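Following: one structure in structure tokens, then a few remarks.
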Amino acid sequence: MFAADQAKESKASDRAQAAAQVLNEIESAPDSGIPQDILGKAECVAVVPSMLKGGFIVGAKYGRGLASCRTPKGWSAPAFFMTTGGSFGFQIGGQAVDLVMLIMNDDGMQHLLSSKFALGADASVAAGPVGRHAEGNTDWKMRAQVLTYSRARGIFAGVSLNGAVVKQDKDATREFYGHMVTFKAALTGEVEPPPASNAFLTTLAKWAQEAAK
């Protein structure tokens with residue numbers, strides 16, 4: 001039963017559905033979501049539902065997520081990735097957390113398109129400010145290419161992810177598209193989004209549009 005559940009949860013289409021739910025729940029919270037001026041300006045949004053932290057290797061973190069970027073036609077087809085390592089700015093004992101990453105500018109997007117990069121080394125990263133109408137401090141506008149957030153036990157907060165490595169999840173990509181698709185092809189709008197990505201892309205478009213008002 002456990003193995004079957006694990007297999008089901010690893011499905012790329014299930015991950016897209018879970019990412020939509022994470023975004024919906026975070027953005028539906030009245031006061032503790034991502035500031036509108038930040039979400040409204042993000043070039044790309046990445047979500048890792050239930051990133052596993054701790055476990056049998058002390059300090060290890062491993063998650064599988066998906067990202068979408070703005071294109072002239074709307075939000076792009078999803079690119080699937082894995083994230084490993086990195087040090088959290090705070091510790092939550094051995095449990096799953098949801099992770100959201102916002103890529104804020106073209107430099108950050110170029111790192112994402114490269115299919116593998118390290119947060120803090122290749123791309124500058126900072127814990128994102130929280131609160132629907134919070135004034136984003138000028139630091140992220142000046143320097144941070146990636147802003148990161150986590151949610152655990154219902155608490156949503158900016159989190160430091162220095163040292164985490166983000167790279168393409170080739171197995172999930174092949175499963176979702178039926179063949180290999182590069183990060184660049186997916187995220188720049190060269191590939192049509194499959195129907196299984198509709199929930200994630202619709203949710204993302206809804207909240208980004210709301211933020212831009």
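Ordered as shown in the structure tokens, chains take letters A, B, and onward, while each chain numbers its residues from 1 and ligands are numbered from 1 in the order shown.
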> Quick one: residues within 12 Å of Ala185 of chain A, only C-alpha atoms counted, chain neighbours fewer than 6 positions away excluded, as a list in words?
Replying inline: Ser68, Cys69, Thr71, Ser76, Ala77, Pro78, Ala79, Leu112, Leu113, Ser114, Ser115, Thr173, Tyr177, Val191, Glu192 and Pro193 of chain A
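Proximity of A:Pro49, A:Gly74, A:Gly40, A:Gly85 to Val166 of chain A, computed with only C-alpha atoms, is greatest for A:Gly85.
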> If you count only C-alpha atoms, which residues fall within 7 Å of Ala67 of chain A, apart from same-chain ones fewer than 6 positions away, as a ChimeraX atom specification?
Replying inline: /A:44-47,78-80
>> For Phe200 of chain A, find every residue with an atom within 7 Å (counting only C-alpha atoms), except residues of its own chain fewer than 4 positions away, and show them as a PyMOL selection string.
In response: chain A and resi 16-17+19-20+204
Write a file of the selected residues as a short mmCIF file (atom, residue, chain, number, x, y, z; two decimals), in the first residue's frame, keeping all heavy atoms.
data_model
loop_
_atom_site.label_atom_id
_atom_site.label_comp_id
_atom_site.auth_asym_id
_atom_site.auth_seq_id
_atom_site.Cartn_x
_atom_site.Cartn_y
_atom_site.Cartn_z
N ALA A 16 1.66 18.47 -10.41
CA ALA A 16 1.09 19.71 -10.94
C ALA A 16 -0.18 20.09 -10.18
O ALA A 16 -0.42 21.25 -9.85
CB ALA A 16 0.81 19.56 -12.43
N GLN A 17 -1.00 19.07 -9.87
CA GLN A 17 -2.23 19.31 -9.13
C GLN A 17 -1.93 19.78 -7.71
O GLN A 17 -2.56 20.72 -7.20
CB GLN A 17 -3.04 17.99 -9.08
CG GLN A 17 -4.45 18.13 -8.55
CD GLN A 17 -5.38 18.88 -9.49
OE1 GLN A 17 -5.35 18.67 -10.68
NE2 GLN A 17 -6.19 19.77 -8.94
N ALA A 19 0.77 21.31 -6.69
CA ALA A 19 1.34 22.65 -6.73
C ALA A 19 0.24 23.70 -6.85
O ALA A 19 0.32 24.77 -6.23
CB ALA A 19 2.31 22.77 -7.91
N ALA A 20 -0.80 23.40 -7.62
CA ALA A 20 -1.94 24.31 -7.73
C ALA A 20 -2.61 24.50 -6.38
O ALA A 20 -2.96 25.62 -5.99
CB ALA A 20 -2.95 23.77 -8.75
N LEU A 204 -2.09 29.83 -11.16
CA LEU A 204 -1.00 30.80 -11.23
C LEU A 204 -1.45 32.08 -11.92
O LEU A 204 -1.20 33.20 -11.44
CB LEU A 204 0.18 30.16 -11.97
CG LEU A 204 1.44 31.00 -12.14
CD1 LEU A 204 1.92 31.56 -10.82
CD2 LEU A 204 2.53 30.16 -12.80
#
>> Considering only C-alpha atoms, can you say which of A:Asp14, A:Met82, A:Val181, A:Leu99 comes closest to Ser50 of chain A?
In response: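 The closest residue to Ser50 of chain A is A:Leu99.
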